[in-house]
>>> print(open('target_28.cif').read())   # mmCIF, C-alpha atoms
data_work
loop_
_atom_site.label_atom_id
_atom_site.label_comp_id
_atom_site.auth_asym_id
_atom_site.auth_seq_id
_atom_site.Cartn_x
_atom_site.Cartn_y
_atom_site.Cartn_z
CA MET R 13 6.80 18.90 -10.85
CA LYS R 14 3.51 17.64 -9.51
CA LEU R 15 2.76 14.04 -8.61
CA LEU R 16 -0.81 13.04 -7.85
CA LEU R 17 -1.29 10.34 -5.22
CA ALA R 18 -4.48 8.56 -6.24
CA THR R 19 -5.68 7.43 -2.83
CA ARG R 20 -8.07 8.70 -0.18
CA ASN R 21 -6.46 6.58 2.54
CA ARG R 22 -4.89 9.19 4.83
CA ASN R 23 -2.47 6.71 6.42
CA LYS R 24 -1.11 5.67 3.03
CA VAL R 25 -0.80 9.31 1.96
CA ILE R 26 1.25 10.11 5.07
CA GLU R 27 3.62 7.18 4.45
CA MET R 28 4.08 8.08 0.79
CA GLN R 29 4.52 11.79 1.49
CA GLN R 30 7.27 11.08 3.99
CA ALA R 31 9.12 8.86 1.53
CA LEU R 32 8.84 11.44 -1.28
CA GLU R 33 10.09 14.30 0.90
CA GLY R 34 13.18 15.89 -0.59
CA THR R 35 12.77 14.32 -4.03
CA GLY R 36 11.67 17.60 -5.64
CA TRP R 37 8.20 16.35 -6.53
CA GLN R 38 5.20 18.34 -5.31
CA VAL R 39 2.66 15.89 -3.94
CA VAL R 40 -0.98 16.50 -4.86
CA MET R 41 -3.82 14.69 -3.11
CA LEU R 42 -6.81 13.12 -4.81
CA SER R 43 -8.97 15.40 -2.66
CA ASP R 44 -7.36 18.36 -4.49
CA ILE R 45 -8.85 17.21 -7.82
CA PRO R 46 -12.45 18.41 -8.29
CA GLY R 47 -14.74 15.66 -9.52
CA ALA R 48 -12.32 12.80 -8.90
CA PRO R 49 -14.58 9.72 -8.79
CA GLU R 50 -14.58 6.85 -6.34
CA VAL R 51 -13.08 3.76 -7.96
CA GLU R 52 -14.44 0.31 -7.26
CA GLU R 53 -11.54 -2.01 -6.47
CA ASP R 54 -12.94 -5.07 -8.20
CA GLY R 55 -9.76 -6.37 -9.85
CA THR R 56 -8.47 -9.88 -9.27
CA THR R 57 -4.90 -8.71 -8.62
CA PHE R 58 -3.21 -5.81 -6.84
CA GLN R 59 -1.95 -4.56 -10.22
CA ASP R 60 -5.47 -4.59 -11.68
CA ASN R 61 -6.71 -2.34 -8.89
CA ALA R 62 -3.68 -0.03 -8.88
CA LEU R 63 -3.90 0.51 -12.64
CA LYS R 64 -7.64 1.14 -12.47
CA LYS R 65 -7.17 3.82 -9.81
CA ALA R 66 -4.22 5.42 -11.64
CA ARG R 67 -6.06 5.54 -14.97
CA SER R 68 -9.15 7.07 -13.41
CA ALA R 69 -7.21 9.83 -11.64
CA PHE R 70 -4.94 10.52 -14.62
CA GLY R 71 -7.92 10.74 -16.94
CA ILE R 72 -9.49 13.55 -14.96
CA SER R 73 -6.31 15.41 -13.91
CA GLY R 74 -3.72 14.92 -16.67
CA LEU R 75 -1.05 14.94 -13.93
CA ARG R 76 1.60 12.31 -13.33
CA THR R 77 -0.33 9.90 -11.18
CA LEU R 78 0.74 7.26 -8.69
CA ALA R 79 -1.74 4.71 -7.37
CA GLU R 80 -1.23 1.60 -5.31
CA ASP R 81 -3.02 -1.46 -4.06
CA SER R 82 -1.73 -3.65 -1.30
CA GLY R 83 -2.73 -6.38 1.08
CA LEU R 84 -1.82 -9.26 3.32
CA GLU R 85 -1.38 -12.80 1.99
CA ILE R 86 -1.45 -15.62 4.56
CA ASP R 87 -0.21 -18.98 3.35
CA ALA R 88 -2.35 -21.04 5.74
CA LEU R 89 -5.43 -19.28 4.34
CA GLY R 90 -4.53 -19.94 0.72
CA GLY R 91 -3.30 -16.39 0.17
CA GLU R 92 -6.27 -14.67 1.78
CA PRO R 93 -7.22 -11.96 2.51
CA GLY R 94 -5.15 -10.78 -0.50
CA VAL R 95 -6.90 -8.22 -2.69
CA LYS R 96 -9.85 -8.33 -0.29
CA SER R 97 -7.71 -7.23 2.67
CA ALA R 98 -9.60 -3.98 3.27
CA ARG R 99 -13.00 -5.67 2.95
CA TYR R 100 -12.22 -9.03 4.52
CA ALA R 101 -14.67 -8.66 7.42
CA GLY R 102 -17.18 -6.59 5.45
CA GLU R 103 -17.22 -3.22 3.71
CA ALA R 104 -17.70 -1.22 6.92
CA ALA R 105 -15.46 -3.34 9.17
CA THR R 106 -12.82 -1.71 11.36
CA ASP R 107 -9.16 -2.71 11.49
CA ALA R 108 -9.86 -4.46 14.81
CA GLU R 109 -12.68 -6.49 13.26
CA ARG R 110 -10.53 -7.57 10.33
CA ILE R 111 -7.73 -8.59 12.67
CA ARG R 112 -10.16 -10.51 14.85
CA LYS R 113 -11.43 -12.46 11.83
CA VAL R 114 -7.90 -13.37 10.70
CA LEU R 115 -6.77 -14.47 14.16
CA GLY R 116 -9.94 -16.51 14.59
CA GLN R 117 -9.16 -18.43 11.41
CA LEU R 118 -5.60 -19.12 12.57
CA VAL R 119 -6.34 -20.06 16.16
CA SER R 120 -5.19 -23.68 15.71
CA VAL R 121 -2.37 -22.97 13.23
CA ARG R 122 1.15 -23.58 14.57
CA ASP R 123 3.92 -21.00 14.36
CA GLU R 124 5.77 -22.65 11.47
CA ARG R 125 2.63 -22.47 9.31
CA ARG R 126 1.77 -18.83 10.07
CA THR R 127 3.94 -17.48 7.24
CA ALA R 128 2.62 -14.45 5.41
CA ARG R 129 3.61 -11.43 3.38
CA PHE R 130 2.47 -7.93 2.68
CA ARG R 131 2.45 -7.09 -1.04
CA CYS R 132 2.14 -3.70 -2.66
CA VAL R 133 1.89 -2.83 -6.35
CA MET R 134 2.31 0.80 -7.37
CA CYS R 135 1.41 2.00 -10.84
CA LEU R 136 2.70 5.29 -12.21
CA ILE R 137 1.31 7.07 -15.26
CA ASP R 138 3.56 9.83 -16.58
CA SER R 139 2.47 13.01 -18.34
CA ALA R 140 2.62 11.26 -21.72
CA GLY R 141 0.36 8.45 -20.51
CA LYS R 142 3.09 5.82 -20.17
CA GLU R 143 2.26 3.22 -17.50
CA SER R 144 4.88 1.62 -15.24
CA CYS R 145 4.25 -0.73 -12.32
CA PHE R 146 6.46 -1.64 -9.37
CA GLU R 147 6.06 -4.27 -6.66
CA GLY R 148 7.32 -4.43 -3.09
CA ARG R 149 7.04 -7.30 -0.60
CA SER R 150 7.67 -7.82 3.07
CA GLU R 151 7.86 -11.44 4.23
CA GLY R 152 6.99 -12.45 7.76
CA ARG R 153 4.54 -14.30 9.96
CA ILE R 154 1.28 -13.73 11.81
CA ALA R 155 1.35 -13.16 15.57
CA HIS R 156 -1.07 -14.96 17.90
CA ILE R 157 -2.41 -11.71 19.35
CA ALA R 158 -2.48 -8.09 18.20
CA ARG R 159 0.47 -6.10 19.60
CA GLY R 160 1.51 -2.47 19.31
CA SER R 161 -0.23 0.84 18.80
CA THR R 162 1.35 2.46 15.74
CA GLY R 163 0.57 1.82 12.10
CA PHE R 164 -2.77 0.75 10.68
CA GLY R 165 -4.54 -2.16 9.05
CA TYR R 166 -2.99 -5.53 9.89
CA ASP R 167 0.22 -4.01 11.30
CA PRO R 168 -0.47 -5.23 14.89
CA ILE R 169 -0.39 -8.90 13.83
CA PHE R 170 2.38 -8.91 11.20
CA ILE R 171 5.91 -9.76 12.35
CA PRO R 172 8.43 -9.09 9.55
CA ASP R 173 11.30 -11.52 9.00
CA GLY R 174 14.32 -10.67 11.13
CA TYR R 175 12.26 -9.13 13.94
CA ASP R 176 10.31 -10.32 16.96
CA GLN R 177 7.99 -7.31 17.05
CA THR R 178 5.00 -6.50 14.89
CA PHE R 179 4.97 -3.56 12.49
CA ALA R 180 2.77 -1.77 15.05
CA GLU R 181 5.45 -2.27 17.73
CA LEU R 182 8.40 -1.39 15.50
CA GLY R 183 6.91 1.98 14.60
CA PHE R 184 7.01 4.14 11.49
CA GLY R 185 10.80 4.50 11.44
CA VAL R 186 11.50 0.82 10.85
CA LYS R 187 8.36 0.22 8.82
CA GLY R 188 9.29 3.14 6.60
CA ARG R 189 12.43 1.26 5.58
CA ILE R 190 11.30 -2.35 5.28
CA SER R 191 7.60 -2.39 4.48
CA HIS R 192 6.10 -3.56 1.20
CA ARG R 193 4.97 -0.02 0.44
CA ALA R 194 8.37 1.46 1.22
CA ARG R 195 10.09 -1.03 -1.08
CA ALA R 196 7.70 -0.36 -3.95
CA LEU R 197 7.99 3.39 -3.46
CA GLN R 198 11.78 3.29 -3.52
CA GLN R 199 11.55 1.77 -6.99
CA VAL R 200 9.17 4.55 -8.03
CA ILE R 201 11.55 7.19 -6.66
CA GLU R 202 14.48 5.71 -8.58
CA TYR R 203 12.37 5.76 -11.74
CA LEU R 204 11.33 9.38 -11.14
CA ARG R 205 14.95 10.43 -10.65
CA ASN R 206 15.51 9.48 -14.28
CA GLN R 207 12.35 11.26 -15.39
CA ARG R 208 13.08 14.80 -14.29
CA PRO R 209 10.44 17.12 -15.79
CA GLU R 210 11.18 20.04 -18.05
CA PRO R 211 10.96 23.54 -16.47
CA ARG R 212 7.60 24.10 -18.23
CA ASP R 213 6.18 20.94 -16.66
CA PRO R 214 3.15 21.54 -14.44
#
>>> encode(input="target_28.cif", output="structure tokens")
Amino acid sequence: MKLLLATRNRNKVIEMQQALEGTGWQVVMLSDIPGAPEVEEDGTTFQDNALKKARSAFGISGLRTLAEDSGLEIDALGGEPGVKSARYAGEAATDAERIRKVLGQLVSVRDERRTARFRCVMCLIDSAGKESCFEGRSEGRIAHIARGSTGFGYDPIFIPDGYDQTFAELGFGVKGRISHRARALQQVIEYLRNQRPEPRDP
């Protein structure tokens, strides 16, 4: 009953592990798979990148594999940073540098035009090689300054609809229920509940 999470992002692994707790699936990390290659995320969509990562990890492990790609889309920036979210300020940029770049581009943008969303696409490959993809979204707006100390990435500047605090202020408890990744993962969990492995399954 093993499920390989095809990511090296420790923060994402922690979020996904917490959500999968109690489901009966044994989570395996990409770091547990000898020879697992780095995958260049050069797709034009989140699904392209998620599938590429899932196929690479499944090809070397043969295990049920779950991969994801996610990012922030800001309407006033034409949907950027989008699939380039992690590299928006350069390959080696920190979260703070990426946030600084986004806020600098929005400095003259009024509140009503600061609408944005986090999107996450998760792709699952089962032991027979069948591919299934699931998408989660969290709509909201971009704050004028970074606020809060929990979370990662763009969490300190994203205010989800229905709240006045950023994801980084709301903390993991709330984010774990309403985030884009949580919503995609809930769909995956529902799918897995109907795909219970046989006792001989690895």
>>> closest_residue(input="target_28.cif", among="R:Arg129, R:Lys14, R:Arg149, R:Lys187", to="Gln38 of chain R", atoms="all atoms listed in the file")
R:Lys14
>>> closest_residue(input="target_28.cif", among="R:Tyr166, R:Phe146, R:Trp37, R:Phe70", to="Gly83 of chain R", atoms="all atoms listed in the file")
R:Tyr166
>>> residues_around(input="target_28.cif", residues="Thr162 of chain R", least_positions_apart="3", cutoff="8 Å", atoms="all atoms listed in the file", output="list in words")
Asp167, Pro168, Phe179, Ala180, Glu181, Gly183 and Phe184 of chain R
>>> residues_around(input="target_28.cif", residues="Ser73 of chain R", least_positions_apart="6", cutoff="10 Å", atoms="all atoms listed in the file", output="PyMOL selection string")
chain R and resi 16+42+44-48+67
>>> residues_near_point(input="target_28.cif", point="(9.7, -14.0, -0.4)", cutoff="12 Å", atoms="only C-alpha atoms", output="MDAnalysis selection string")
chainID R and resid 85 87 127:131 148:153 172:173 192
>>> closest_residue(input="target_28.cif", among="R:Ala98, R:Ile137, R:Ala62, R:Leu118", to="Ala79 of chain R", atoms="only C-alpha atoms")
R:Ala62
>>> atom_distance(input="target_28.cif", atom1="atom CA of Ala18 of chain R", atom2="atom CA of Ala31 of chain R")
15.7 Å
>>> closest_residue(input="target_28.cif", among="R:Ile190, R:Leu182, R:Ile154, R:Leu75", to="Met41 of chain R", atoms="all atoms listed in the file")
R:Leu75
>>> decode(input="target_28.cif", residues="segment 45-77 of chain R", atoms="C-alpha atoms", output="tab-separated table (two decimals), in the first residue's frame")
chain	number	residue	atom	x	y	z
R	45	ILE	CA	14.19	5.90	-4.55
R	46	PRO	CA	17.82	5.33	-5.60
R	47	GLY	CA	18.67	6.99	-8.89
R	48	ALA	CA	15.53	9.11	-9.09
R	49	PRO	CA	16.47	11.88	-11.55
R	50	GLU	CA	15.87	15.59	-11.31
R	51	VAL	CA	13.05	16.61	-13.66
R	52	GLU	CA	13.16	19.88	-15.55
R	53	GLU	CA	9.80	21.62	-15.14
R	54	ASP	CA	9.63	23.05	-18.64
R	55	GLY	CA	5.94	22.41	-19.40
R	56	THR	CA	3.58	25.19	-20.40
R	57	THR	CA	0.88	24.12	-17.94
R	58	PHE	CA	0.75	22.79	-14.38
R	59	GLN	CA	-0.57	19.49	-15.74
R	60	ASP	CA	2.35	19.17	-18.16
R	61	ASN	CA	4.84	19.49	-15.31
R	62	ALA	CA	2.92	17.24	-12.90
R	63	LEU	CA	2.63	14.47	-15.48
R	64	LYS	CA	6.29	14.75	-16.41
R	65	LYS	CA	7.35	14.37	-12.78
R	66	ALA	CA	4.91	11.49	-12.16
R	67	ARG	CA	6.01	9.58	-15.26
R	68	SER	CA	9.68	9.97	-14.42
R	69	ALA	CA	9.27	8.70	-10.85
R	70	PHE	CA	6.89	5.89	-11.84
R	71	GLY	CA	9.26	4.76	-14.57
R	72	ILE	CA	12.10	4.18	-12.13
R	73	SER	CA	10.08	2.92	-9.13
R	74	GLY	CA	7.03	1.07	-10.48
R	75	LEU	CA	5.11	2.35	-7.43
R	76	ARG	CA	1.84	4.25	-7.43
R	77	THR	CA	3.11	7.76	-7.88
